[in-house]
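Chemist: File data18.pdb below, PDB, C-alpha atoms:
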```pdb
ATOM      1  CA  MET D   4    -100.765 -11.640 254.338  1.00  0.00           C
ATOM      2  CA  ILE D   5     -97.576 -13.029 252.822  1.00  0.00           C
ATOM      3  CA  ILE D   6     -96.355 -12.135 249.349  1.00  0.00           C
ATOM      4  CA  THR D   7     -93.532 -13.960 247.602  1.00  0.00           C
ATOM      5  CA  VAL D   8     -91.498 -11.925 245.107  1.00  0.00           C
ATOM      6  CA  ASN D   9     -89.342 -13.761 242.574  1.00  0.00           C
ATOM      7  CA  PRO D  10     -86.741 -12.532 241.741  1.00  0.00           C
ATOM      8  CA  SER D  11     -86.653 -10.190 244.699  1.00  0.00           C
ATOM      9  CA  PHE D  12     -83.358  -8.515 243.848  1.00  0.00           C
ATOM     10  CA  HIS D  13     -83.724  -7.777 240.171  1.00  0.00           C
ATOM     11  CA  TRP D  14     -84.148  -3.990 240.175  1.00  0.00           C
ATOM     12  CA  ILE D  15     -87.898  -4.286 239.551  1.00  0.00           C
ATOM     13  CA  GLY D  16     -88.290  -7.084 242.111  1.00  0.00           C
ATOM     14  CA  TYR D  17     -86.375  -4.971 244.599  1.00  0.00           C
ATOM     15  CA  HIS D  18     -88.821  -2.078 244.184  1.00  0.00           C
ATOM     16  CA  LEU D  19     -91.761  -4.460 244.638  1.00  0.00           C
ATOM     17  CA  THR D  20     -90.138  -5.999 247.724  1.00  0.00           C
ATOM     18  CA  ALA D  21     -89.180  -2.682 249.325  1.00  0.00           C
ATOM     19  CA  ASN D  22     -92.631  -1.160 248.754  1.00  0.00           C
ATOM     20  CA  LEU D  23     -94.466  -4.181 250.138  1.00  0.00           C
ATOM     21  CA  LEU D  24     -92.237  -4.172 253.219  1.00  0.00           C
ATOM     22  CA  GLN D  25     -92.841  -0.443 253.656  1.00  0.00           C
ATOM     23  CA  GLU D  26     -96.580  -1.162 253.621  1.00  0.00           C
ATOM     24  CA  GLY D  27     -96.114  -3.714 256.426  1.00  0.00           C
ATOM     25  CA  VAL D  28     -96.595  -6.816 254.280  1.00  0.00           C
ATOM     26  CA  SER D  29     -94.583  -9.934 255.084  1.00  0.00           C
ATOM     27  CA  VAL D  30     -92.421 -10.707 252.054  1.00  0.00           C
ATOM     28  CA  ILE D  31     -90.614 -13.856 251.046  1.00  0.00           C
ATOM     29  CA  GLY D  32     -87.913 -13.055 248.538  1.00  0.00           C
ATOM     30  CA  ILE D  33     -86.628 -15.678 246.148  1.00  0.00           C
ATOM     31  CA  ASP D  34     -83.378 -14.793 244.432  1.00  0.00           C
ATOM     32  CA  SER D  35     -80.201 -16.694 243.728  1.00  0.00           C
ATOM     33  CA  LEU D  36     -78.076 -13.588 244.450  1.00  0.00           C
ATOM     34  CA  THR D  37     -75.861 -14.324 241.456  1.00  0.00           C
ATOM     35  CA  SER D  38     -74.892 -10.731 240.735  1.00  0.00           C
ATOM     36  CA  GLU D  39     -73.080  -8.121 242.757  1.00  0.00           C
ATOM     37  CA  ARG D  40     -76.056  -5.783 242.393  1.00  0.00           C
ATOM     38  CA  SER D  41     -78.486  -8.360 243.804  1.00  0.00           C
ATOM     39  CA  GLU D  42     -76.197  -8.820 246.798  1.00  0.00           C
ATOM     40  CA  GLN D  43     -76.104  -5.031 247.266  1.00  0.00           C
ATOM     41  CA  LEU D  44     -79.890  -4.753 247.121  1.00  0.00           C
ATOM     42  CA  TYR D  45     -80.233  -7.606 249.633  1.00  0.00           C
ATOM     43  CA  MET D  46     -78.425  -5.426 252.180  1.00  0.00           C
ATOM     44  CA  PHE D  47     -81.243  -2.849 252.013  1.00  0.00           C
ATOM     45  CA  VAL D  48     -84.027  -5.240 253.079  1.00  0.00           C
ATOM     46  CA  GLY D  49     -82.299  -8.342 254.452  1.00  0.00           C
ATOM     47  CA  ARG D  50     -82.614  -7.328 258.098  1.00  0.00           C
ATOM     48  CA  ASN D  51     -86.269  -6.332 257.953  1.00  0.00           C
ATOM     49  CA  SER D  52     -88.191  -8.571 260.356  1.00  0.00           C
ATOM     50  CA  ASN D  53     -90.990  -8.982 257.776  1.00  0.00           C
ATOM     51  CA  PHE D  54     -88.582 -10.362 255.166  1.00  0.00           C
ATOM     52  CA  GLN D  55     -87.304 -13.898 254.549  1.00  0.00           C
ATOM     53  CA  HIS D  56     -84.926 -14.820 251.750  1.00  0.00           C
ATOM     54  CA  PHE D  57     -84.557 -18.125 249.932  1.00  0.00           C
ATOM     55  CA  TYR D  58     -82.223 -18.858 247.045  1.00  0.00           C
ATOM     56  CA  ASN D  59     -84.872 -20.790 245.086  1.00  0.00           C
ATOM     57  CA  GLN D  60     -88.469 -22.039 245.267  1.00  0.00           C
ATOM     58  CA  GLU D  61     -87.445 -25.530 246.394  1.00  0.00           C
ATOM     59  CA  ASP D  62     -85.484 -24.080 249.313  1.00  0.00           C
ATOM     60  CA  LYS D  63     -88.558 -22.090 250.347  1.00  0.00           C
ATOM     61  CA  GLU D  64     -90.842 -25.128 250.126  1.00  0.00           C
ATOM     62  CA  GLN D  65     -88.486 -27.177 252.322  1.00  0.00           C
ATOM     63  CA  HIS D  66     -88.391 -24.579 255.086  1.00  0.00           C
ATOM     64  CA  ILE D  67     -91.839 -23.022 255.362  1.00  0.00           C
ATOM     65  CA  HIS D  68     -95.467 -23.969 254.930  1.00  0.00           C
ATOM     66  CA  ILE D  69     -97.240 -22.122 252.118  1.00  0.00           C
ATOM     67  CA  GLU D  70    -100.227 -20.187 253.450  1.00  0.00           C
ATOM     68  CA  ASP D  71    -103.599 -20.378 251.675  1.00  0.00           C
ATOM     69  CA  ASP D  72    -103.785 -16.606 251.206  1.00  0.00           C
ATOM     70  CA  GLU D  73    -100.160 -16.263 250.067  1.00  0.00           C
ATOM     71  CA  ILE D  74     -99.729 -14.320 246.854  1.00  0.00           C
ATOM     72  CA  SER D  75     -96.815 -14.937 244.534  1.00  0.00           C
ATOM     73  CA  ILE D  76     -95.439 -12.262 242.191  1.00  0.00           C
ATOM     74  CA  VAL D  77     -93.049 -13.503 239.524  1.00  0.00           C
ATOM     75  CA  TYR D  78     -91.223 -11.080 237.232  1.00  0.00           C
ATOM     76  CA  GLU D  79     -90.150 -12.413 233.820  1.00  0.00           C
ATOM     77  CA  GLN D  80     -89.182 -10.441 230.729  1.00  0.00           C
ATOM     78  CA  ASN D  81     -91.073  -7.228 231.561  1.00  0.00           C
ATOM     79  CA  GLU D  82     -94.153  -9.092 232.774  1.00  0.00           C
ATOM     80  CA  LEU D  83     -95.583  -9.762 236.215  1.00  0.00           C
ATOM     81  CA  PHE D  84     -97.468 -12.955 236.974  1.00  0.00           C
ATOM     82  CA  ILE D  85     -99.552 -12.729 240.132  1.00  0.00           C
ATOM     83  CA  GLU D  86    -100.753 -16.069 241.515  1.00  0.00           C
ATOM     84  CA  GLN D  87    -102.538 -17.394 244.565  1.00  0.00           C
ATOM     85  CA  SER D  88    -102.886 -21.093 245.413  1.00  0.00           C
ATOM     86  CA  GLY D  89    -101.582 -21.990 241.961  1.00  0.00           C
ATOM     87  CA  ALA D  90    -104.225 -19.902 240.171  1.00  0.00           C
ATOM     88  CA  LEU D  91    -103.218 -16.962 237.996  1.00  0.00           C
ATOM     89  CA  LEU D  92    -104.846 -13.810 239.384  1.00  0.00           C
ATOM     90  CA  ALA D  93    -103.274 -11.365 236.957  1.00  0.00           C
ATOM     91  CA  HIS D  94    -100.782 -11.158 234.146  1.00  0.00           C
ATOM     92  CA  LEU D  95     -99.414  -7.633 233.741  1.00  0.00           C
ATOM     93  CA  THR D  96     -97.189  -6.358 230.984  1.00  0.00           C
ATOM     94  CA  LEU D  97     -95.224  -3.500 232.485  1.00  0.00           C
ATOM     95  CA  PRO D  98     -95.050  -0.183 230.706  1.00  0.00           C
ATOM     96  CA  ILE D  99     -91.574   1.124 230.006  1.00  0.00           C
ATOM     97  CA  VAL D 100     -90.312   1.822 233.507  1.00  0.00           C
ATOM     98  CA  TYR D 101     -87.264   3.519 234.964  1.00  0.00           C
ATOM     99  CA  GLY D 102     -85.897   3.801 238.458  1.00  0.00           C
ATOM    100  CA  GLU D 103     -83.043   3.382 240.849  1.00  0.00           C
ATOM    101  CA  TRP D 104     -80.828   0.365 240.186  1.00  0.00           C
ATOM    102  CA  MET D 105     -81.971  -0.021 236.570  1.00  0.00           C
ATOM    103  CA  ASP D 106     -79.521  -0.932 233.865  1.00  0.00           C
ATOM    104  CA  LEU D 107     -78.945   2.021 231.586  1.00  0.00           C
ATOM    105  CA  PRO D 108     -81.008   1.429 228.445  1.00  0.00           C
ATOM    106  CA  ASP D 109     -78.446   2.807 226.022  1.00  0.00           C
ATOM    107  CA  HIS D 110     -74.713   3.205 226.221  1.00  0.00           C
ATOM    108  CA  GLU D 111     -75.286   6.721 224.887  1.00  0.00           C
ATOM    109  CA  ILE D 112     -76.874   7.859 228.156  1.00  0.00           C
ATOM    110  CA  SER D 113     -74.032   9.496 229.981  1.00  0.00           C
ATOM    111  CA  ASN D 114     -75.720  12.197 232.033  1.00  0.00           C
ATOM    112  CA  GLU D 115     -78.938  13.139 233.765  1.00  0.00           C
ATOM    113  CA  ASP D 116     -80.291  15.246 230.883  1.00  0.00           C
ATOM    114  CA  GLU D 117     -79.906  12.338 228.452  1.00  0.00           C
ATOM    115  CA  LEU D 118     -81.724  10.050 230.881  1.00  0.00           C
ATOM    116  CA  TYR D 119     -84.453  12.678 231.200  1.00  0.00           C
ATOM    117  CA  GLU D 120     -84.867  12.815 227.420  1.00  0.00           C
ATOM    118  CA  TRP D 121     -84.936   9.007 227.220  1.00  0.00           C
ATOM    119  CA  VAL D 122     -87.736   8.944 229.814  1.00  0.00           C
ATOM    120  CA  ARG D 123     -89.743  11.679 228.068  1.00  0.00           C
ATOM    121  CA  GLU D 124     -89.378  10.221 224.570  1.00  0.00           C
ATOM    122  CA  ARG D 125     -90.587   6.808 225.712  1.00  0.00           C
ATOM    123  CA  GLU D 126     -93.162   8.136 228.185  1.00  0.00           C
ATOM    124  CA  ALA D 127     -91.553   5.864 230.759  1.00  0.00           C
ATOM    125  CA  VAL D 128     -93.196   5.461 234.162  1.00  0.00           C
ATOM    126  CA  TYR D 129     -91.196   5.751 237.374  1.00  0.00           C
ATOM    127  CA  ILE D 130     -91.122   2.276 238.961  1.00  0.00           C
ATOM    128  CA  GLY D 131     -91.880   3.664 242.427  1.00  0.00           C
ATOM    129  CA  ASP D 132     -95.084   5.284 241.141  1.00  0.00           C
ATOM    130  CA  TYR D 133     -96.098   2.129 239.288  1.00  0.00           C
ATOM    131  CA  VAL D 134     -95.586  -0.048 242.353  1.00  0.00           C
ATOM    132  CA  LYS D 135     -97.478   2.358 244.632  1.00  0.00           C
ATOM    133  CA  LYS D 136    -100.444   2.430 242.258  1.00  0.00           C
ATOM    134  CA  ALA D 137    -100.355  -1.327 241.643  1.00  0.00           C
ATOM    135  CA  PHE D 138     -99.911  -2.306 245.318  1.00  0.00           C
ATOM    136  CA  PRO D 139    -103.540  -1.874 246.456  1.00  0.00           C
ATOM    137  CA  GLN D 140    -104.745  -3.789 243.402  1.00  0.00           C
ATOM    138  CA  VAL D 141    -102.286  -6.650 244.006  1.00  0.00           C
ATOM    139  CA  VAL D 142    -103.563  -7.270 247.494  1.00  0.00           C
ATOM    140  CA  SER D 143    -107.190  -6.854 246.433  1.00  0.00           C
ATOM    141  CA  LYS D 144    -106.691  -9.043 243.328  1.00  0.00           C
ATOM    142  CA  HIS D 145    -107.539  -6.367 240.765  1.00  0.00           C
ATOM    143  CA  LEU D 146    -105.486  -5.069 237.868  1.00  0.00           C
ATOM    144  CA  PRO D 147    -103.841  -1.666 238.276  1.00  0.00           C
ATOM    145  CA  PRO D 148    -105.589   1.317 236.724  1.00  0.00           C
ATOM    146  CA  ALA D 149    -104.141   3.224 233.796  1.00  0.00           C
ATOM    147  CA  LEU D 150    -101.260   5.394 234.931  1.00  0.00           C
ATOM    148  CA  ASP D 151    -101.123   9.131 234.427  1.00  0.00           C
ATOM    149  CA  MET D 152     -97.925  10.556 233.004  1.00  0.00           C
ATOM    150  CA  GLU D 153     -95.884  12.333 235.667  1.00  0.00           C
ATOM    151  CA  ASN D 154     -95.998  16.095 235.787  1.00  0.00           C
ATOM    152  CA  GLU D 155     -92.849  17.884 234.659  1.00  0.00           C
ATOM    153  CA  GLY D 156     -91.559  18.711 238.148  1.00  0.00           C
ATOM    154  CA  GLN D 157     -92.058  15.186 239.467  1.00  0.00           C
ATOM    155  CA  LEU D 158     -90.449  13.738 236.352  1.00  0.00           C
ATOM    156  CA  ARG D 159     -87.347  15.920 236.885  1.00  0.00           C
ATOM    157  CA  ARG D 160     -87.116  14.922 240.575  1.00  0.00           C
ATOM    158  CA  ASN D 161     -87.469  11.220 239.778  1.00  0.00           C
ATOM    159  CA  VAL D 162     -84.855  11.332 237.010  1.00  0.00           C
ATOM    160  CA  HIS D 163     -82.491  13.238 239.308  1.00  0.00           C
ATOM    161  CA  GLU D 164     -82.827  10.606 242.055  1.00  0.00           C
ATOM    162  CA  VAL D 165     -82.342   7.772 239.577  1.00  0.00           C
ATOM    163  CA  TRP D 166     -79.242   9.437 238.155  1.00  0.00           C
ATOM    164  CA  LYS D 167     -77.785   9.960 241.651  1.00  0.00           C
ATOM    165  CA  THR D 168     -78.251   6.253 242.354  1.00  0.00           C
ATOM    166  CA  ILE D 169     -76.619   5.272 239.072  1.00  0.00           C
ATOM    167  CA  GLN D 170     -73.645   7.503 239.851  1.00  0.00           C
ATOM    168  CA  SER D 171     -73.300   6.310 243.449  1.00  0.00           C
ATOM    169  CA  GLU D 172     -73.580   2.668 242.417  1.00  0.00           C
ATOM    170  CA  ASN D 173     -70.673   3.182 240.043  1.00  0.00           C
ATOM    171  CA  SER D 174     -68.520   4.809 242.737  1.00  0.00           C
ATOM    172  CA  PHE D 175     -69.469   2.962 245.945  1.00  0.00           C
ATOM    173  CA  ASP D 176     -67.694  -0.241 246.935  1.00  0.00           C
ATOM    174  CA  PHE D 177     -70.113  -2.491 248.851  1.00  0.00           C
ATOM    175  CA  LYS D 178     -67.518  -5.229 249.259  1.00  0.00           C
ATOM    176  CA  GLY D 179     -65.794  -3.364 252.063  1.00  0.00           C
ATOM    177  CA  ILE D 180     -68.911  -3.404 254.259  1.00  0.00           C
TER     178      ILE D 180
END
```
Reformat the file's structure so that it appears as structure tokens.

Modeler:
Amino acid sequence: MIITVNPSFHWIGYHLTANLLQEGVSVIGIDSLTSERSEQLYMFVGRNSNFQHFYNQEDKEQHIHIEDDEISIVYEQNELFIEQSGALLAHLTLPIVYGEWMDLPDHEISNEDELYEWVREREAVYIGDYVKKAFPQVVSKHLPPALDMENEGQLRRNVHEVWKTIQSENSFDFKGI
């Protein structure tokens, strides 16, 4: 099975791409790589043998044949459109999600505890959990089930990992690699 993710290096697209690759799915990523962050995220999956990157849909269509069972996942404005052979299989409105590589929602979030409170107040769902629960439904063409709120310990661990990524992204220079 082949799944196309567009954009594959928006932070949500990246999580979709990385999870699908981890599950052994062949992924075609479409992303113009117009931001420094998208270029950084490309480095994490770009060498995976199950991954191909194209800058746009036209580029993809010129270089590969679209398979009949290929699924396309397009992320736009907090919504996922899942298509196969031009037919819409599912249209999902994402819950409020948080995760590594996200843009900070408020300029007032300056530490891990403030991020934790933001997540709790909004009952945000960790993007990794959402993708893992949605993945089986994407490949079987069903909508994801309702998500359970994370338990307190898991919520703390997820927020801590997200905050570490935010801090390291601000201090690490990928240009020197």

Chemist: Go ahead and compute the interatomic distance for CA of Tyr129 in chain D and CA of His18 in chain D, in Å to one decimal.

Modeler: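 Rounded to one decimal, the two atoms are 10.6 Å apart.
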
Chemist: Would you mind reading off the distance between CA of Arg40 in chain D and CA of Val77 in chain D, one decimal, in Å?

Modeler: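 CA of Val77 in chain D lies 18.9 Å from CA of Arg40 in chain D.
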
Chemist: Suppose you want the space between CA of Gln87 in chain D and CA of Ile69 in chain D; what is it in Å?

Modeler: 10.4 Å

Chemist: Which residues match the PyMOL selection byres ((chain D and resi 126) around 12) in the file above, as a PyMOL selection string?

Modeler: chain D and resi 98-101+118-125+127-129+150-155+158

Chemist: Please evaluate the PyMOL selection byres ((chain D and resi 63) around 12) against the structure above and give the resulting residues as number ranges by chain.

Modeler: D: 7-9, 31-35, 55-62, 64-69

Chemist: Can I get the selection written as a PDB file, keeping the file's coordinate frame, with C-alpha atoms?

Modeler:
```pdb
ATOM      1  CA  THR D   7     -93.532 -13.960 247.602  1.00  0.00           C
ATOM      2  CA  VAL D   8     -91.498 -11.925 245.107  1.00  0.00           C
ATOM      3  CA  ASN D   9     -89.342 -13.761 242.574  1.00  0.00           C
ATOM      4  CA  ILE D  31     -90.614 -13.856 251.046  1.00  0.00           C
ATOM      5  CA  GLY D  32     -87.913 -13.055 248.538  1.00  0.00           C
ATOM      6  CA  ILE D  33     -86.628 -15.678 246.148  1.00  0.00           C
ATOM      7  CA  ASP D  34     -83.378 -14.793 244.432  1.00  0.00           C
ATOM      8  CA  SER D  35     -80.201 -16.694 243.728  1.00  0.00           C
ATOM      9  CA  GLN D  55     -87.304 -13.898 254.549  1.00  0.00           C
ATOM     10  CA  HIS D  56     -84.926 -14.820 251.750  1.00  0.00           C
ATOM     11  CA  PHE D  57     -84.557 -18.125 249.932  1.00  0.00           C
ATOM     12  CA  TYR D  58     -82.223 -18.858 247.045  1.00  0.00           C
ATOM     13  CA  ASN D  59     -84.872 -20.790 245.086  1.00  0.00           C
ATOM     14  CA  GLN D  60     -88.469 -22.039 245.267  1.00  0.00           C
ATOM     15  CA  GLU D  61     -87.445 -25.530 246.394  1.00  0.00           C
ATOM     16  CA  ASP D  62     -85.484 -24.080 249.313  1.00  0.00           C
ATOM     17  CA  GLU D  64     -90.842 -25.128 250.126  1.00  0.00           C
ATOM     18  CA  GLN D  65     -88.486 -27.177 252.322  1.00  0.00           C
ATOM     19  CA  HIS D  66     -88.391 -24.579 255.086  1.00  0.00           C
ATOM     20  CA  ILE D  67     -91.839 -23.022 255.362  1.00  0.00           C
ATOM     21  CA  HIS D  68     -95.467 -23.969 254.930  1.00  0.00           C
ATOM     22  CA  ILE D  69     -97.240 -22.122 252.118  1.00  0.00           C
TER      23      ILE D  69
END
```

Chemist: So that I can see what lies close to Val28 in chain D, please list as a list in words the residues with an atom at most 12 Å from it, counting only C-alpha atoms and leaving out residues fewer than 4 positions away in the same chain.

Modeler: Met4, Ile5, Ile6, Thr7, Val8, Leu19, Thr20, Ala21, Asn22, Leu23, Leu24, Asn51, Ser52, Asn53, Phe54, Gln55, Glu73, Ile74, Phe138, Pro139, Val141 and Val142 of chain D

Chemist: Give me the box for range 37-51 of chain D as AutoDock Vina command-line options, namely the centre and edge lengths in Å to one decimal of a box along x, y and z that holds every listed atom plus 3 Å on each side.

Modeler:
```
--center_x -79.7 --center_y -8.6 --center_z 249.4 --size_x 19.2 --size_y 17.5 --size_z 23.4
```

Chemist: Contacts of range 163-171 of chain D at 12 Å or less, counting all atoms listed in the file, minus same-chain residues fewer than 6 places along, as a PyMOL selection string?

Modeler: chain D and resi 14+40+100-107+112-119+122+129-131+156-157+177

Chemist: List the residues selected by the PyMOL selection byres ((chain D and resi 82) around 12) in the file shown, writing them as a list in words.

Modeler: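 Applying the PyMOL selection byres ((chain D and resi 82) around 12) to the structure shown produces Asn9, Ile15, Gly16, Ile76, Val77, Tyr78, Glu79, Gln80, Asn81, Leu83, Phe84, Ile85, Ala93, His94, Leu95, Thr96, Leu97, Pro98, Ile99 and Val100 of chain D.
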
Chemist: Which residue is closest to Asp71 in chain D? Choose from D:Val30, D:Val48, D:Leu36, D:Ala90 and count only C-alpha atoms.

Modeler: D:Ala90

Chemist: Could you pull range 54-141 of chain D out of the block above and save it with C-alpha atoms, as a PDB file, in the first residue's frame?

Modeler:
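Result file part06.pdb:
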```
ATOM      1  CA  PHE D  54       9.775   7.294   1.410  1.00  0.00           C
ATOM      2  CA  GLN D  55       9.741   9.399  -1.765  1.00  0.00           C
ATOM      3  CA  HIS D  56       9.528  13.180  -1.784  1.00  0.00           C
ATOM      4  CA  PHE D  57       8.076  15.469  -4.434  1.00  0.00           C
ATOM      5  CA  TYR D  58       7.805  19.239  -4.249  1.00  0.00           C
ATOM      6  CA  ASN D  59       4.250  19.288  -5.643  1.00  0.00           C
ATOM      7  CA  GLN D  60       1.497  17.034  -7.015  1.00  0.00           C
ATOM      8  CA  GLU D  61       2.419  17.728 -10.645  1.00  0.00           C
ATOM      9  CA  ASP D  62       6.011  16.652 -10.005  1.00  0.00           C
ATOM     10  CA  LYS D  63       4.733  13.404  -8.490  1.00  0.00           C
ATOM     11  CA  GLU D  64       2.399  12.726 -11.421  1.00  0.00           C
ATOM     12  CA  GLN D  65       5.239  13.228 -13.922  1.00  0.00           C
ATOM     13  CA  HIS D  66       7.535  10.746 -12.200  1.00  0.00           C
ATOM     14  CA  ILE D  67       5.416   7.880 -10.901  1.00  0.00           C
ATOM     15  CA  HIS D  68       2.291   5.969 -11.813  1.00  0.00           C
ATOM     16  CA  ILE D  69      -0.552   6.339  -9.314  1.00  0.00           C
ATOM     17  CA  GLU D  70      -1.580   2.951  -7.933  1.00  0.00           C
ATOM     18  CA  ASP D  71      -5.266   1.985  -7.734  1.00  0.00           C
ATOM     19  CA  ASP D  72      -5.091   1.324  -3.991  1.00  0.00           C
ATOM     20  CA  GLU D  73      -3.092   4.480  -3.219  1.00  0.00           C
ATOM     21  CA  ILE D  74      -4.546   6.589  -0.439  1.00  0.00           C
ATOM     22  CA  SER D  75      -3.999  10.321  -0.282  1.00  0.00           C
ATOM     23  CA  ILE D  76      -4.068  12.281   2.988  1.00  0.00           C
ATOM     24  CA  VAL D  77      -4.238  16.050   2.626  1.00  0.00           C
ATOM     25  CA  TYR D  78      -3.981  18.334   5.654  1.00  0.00           C
ATOM     26  CA  GLU D  79      -5.626  21.767   5.368  1.00  0.00           C
ATOM     27  CA  GLN D  80      -6.600  24.142   8.159  1.00  0.00           C
ATOM     28  CA  ASN D  81      -6.933  21.549  10.945  1.00  0.00           C
ATOM     29  CA  GLU D  82      -8.729  19.056   8.710  1.00  0.00           C
ATOM     30  CA  LEU D  83      -7.658  15.824   7.055  1.00  0.00           C
ATOM     31  CA  PHE D  84      -9.082  14.758   3.715  1.00  0.00           C
ATOM     32  CA  ILE D  85      -8.533  11.081   2.976  1.00  0.00           C
ATOM     33  CA  GLU D  86      -9.069  10.068  -0.657  1.00  0.00           C
ATOM     34  CA  GLN D  87      -8.621   7.025  -2.844  1.00  0.00           C
ATOM     35  CA  SER D  88      -8.933   7.043  -6.641  1.00  0.00           C
ATOM     36  CA  GLY D  89     -10.363  10.559  -6.490  1.00  0.00           C
ATOM     37  CA  ALA D  90     -13.145   9.567  -4.076  1.00  0.00           C
ATOM     38  CA  LEU D  91     -13.334  11.101  -0.612  1.00  0.00           C
ATOM     39  CA  LEU D  92     -13.119   8.306   1.968  1.00  0.00           C
ATOM     40  CA  ALA D  93     -13.136  10.511   5.047  1.00  0.00           C
ATOM     41  CA  HIS D  94     -13.086  14.117   6.118  1.00  0.00           C
ATOM     42  CA  LEU D  95     -11.759  14.510   9.660  1.00  0.00           C
ATOM     43  CA  THR D  96     -11.697  17.653  11.732  1.00  0.00           C
ATOM     44  CA  LEU D  97      -8.795  17.256  14.120  1.00  0.00           C
ATOM     45  CA  PRO D  98      -9.282  17.866  17.806  1.00  0.00           C
ATOM     46  CA  ILE D  99      -6.949  20.391  19.375  1.00  0.00           C
ATOM     47  CA  VAL D 100      -3.619  18.607  19.106  1.00  0.00           C
ATOM     48  CA  TYR D 101      -0.133  19.235  20.432  1.00  0.00           C
ATOM     49  CA  GLY D 102       3.201  17.623  19.770  1.00  0.00           C
ATOM     50  CA  GLU D 103       6.805  17.947  18.795  1.00  0.00           C
ATOM     51  CA  TRP D 104       7.520  20.594  16.162  1.00  0.00           C
ATOM     52  CA  MET D 105       4.254  22.466  16.766  1.00  0.00           C
ATOM     53  CA  ASP D 106       4.158  26.226  16.733  1.00  0.00           C
ATOM     54  CA  LEU D 107       3.584  27.541  20.224  1.00  0.00           C
ATOM     55  CA  PRO D 108      -0.087  28.508  20.466  1.00  0.00           C
ATOM     56  CA  ASP D 109       0.459  31.619  22.554  1.00  0.00           C
ATOM     57  CA  HIS D 110       3.419  33.891  23.008  1.00  0.00           C
ATOM     58  CA  GLU D 111       2.702  33.639  26.734  1.00  0.00           C
ATOM     59  CA  ILE D 112       3.841  30.008  26.857  1.00  0.00           C
ATOM     60  CA  SER D 113       7.403  30.251  28.013  1.00  0.00           C
ATOM     61  CA  ASN D 114       7.932  27.050  29.972  1.00  0.00           C
ATOM     62  CA  GLU D 115       6.830  23.455  30.281  1.00  0.00           C
ATOM     63  CA  ASP D 116       4.296  24.095  33.063  1.00  0.00           C
ATOM     64  CA  GLU D 117       2.521  26.736  30.967  1.00  0.00           C
ATOM     65  CA  LEU D 118       2.381  24.329  28.029  1.00  0.00           C
ATOM     66  CA  TYR D 119       0.998  21.670  30.368  1.00  0.00           C
ATOM     67  CA  GLU D 120      -1.748  24.026  31.545  1.00  0.00           C
ATOM     68  CA  TRP D 121      -2.554  24.996  27.945  1.00  0.00           C
ATOM     69  CA  VAL D 122      -2.949  21.303  27.063  1.00  0.00           C
ATOM     70  CA  ARG D 123      -5.125  20.559  30.107  1.00  0.00           C
ATOM     71  CA  GLU D 124      -7.372  23.606  29.700  1.00  0.00           C
ATOM     72  CA  ARG D 125      -8.083  22.774  26.065  1.00  0.00           C
ATOM     73  CA  GLU D 126      -8.162  18.998  26.558  1.00  0.00           C
ATOM     74  CA  ALA D 127      -5.666  18.784  23.712  1.00  0.00           C
ATOM     75  CA  VAL D 128      -4.732  15.375  22.316  1.00  0.00           C
ATOM     76  CA  TYR D 129      -1.111  14.385  21.763  1.00  0.00           C
ATOM     77  CA  ILE D 130      -0.592  14.114  17.987  1.00  0.00           C
ATOM     78  CA  GLY D 131       1.332  10.842  18.322  1.00  0.00           C
ATOM     79  CA  ASP D 132      -1.615   9.228  20.127  1.00  0.00           C
ATOM     80  CA  TYR D 133      -4.090  10.579  17.585  1.00  0.00           C
ATOM     81  CA  VAL D 134      -2.070   9.262  14.655  1.00  0.00           C
ATOM     82  CA  LYS D 135      -1.593   5.832  16.260  1.00  0.00           C
ATOM     83  CA  LYS D 136      -5.326   5.500  16.893  1.00  0.00           C
ATOM     84  CA  ALA D 137      -6.276   6.857  13.464  1.00  0.00           C
ATOM     85  CA  PHE D 138      -3.713   4.789  11.510  1.00  0.00           C
ATOM     86  CA  PRO D 139      -5.590   1.452  11.482  1.00  0.00           C
ATOM     87  CA  GLN D 140      -8.785   3.238  10.459  1.00  0.00           C
ATOM     88  CA  VAL D 141      -7.039   5.119   7.629  1.00  0.00           C
TER      89      VAL D 141
END
```
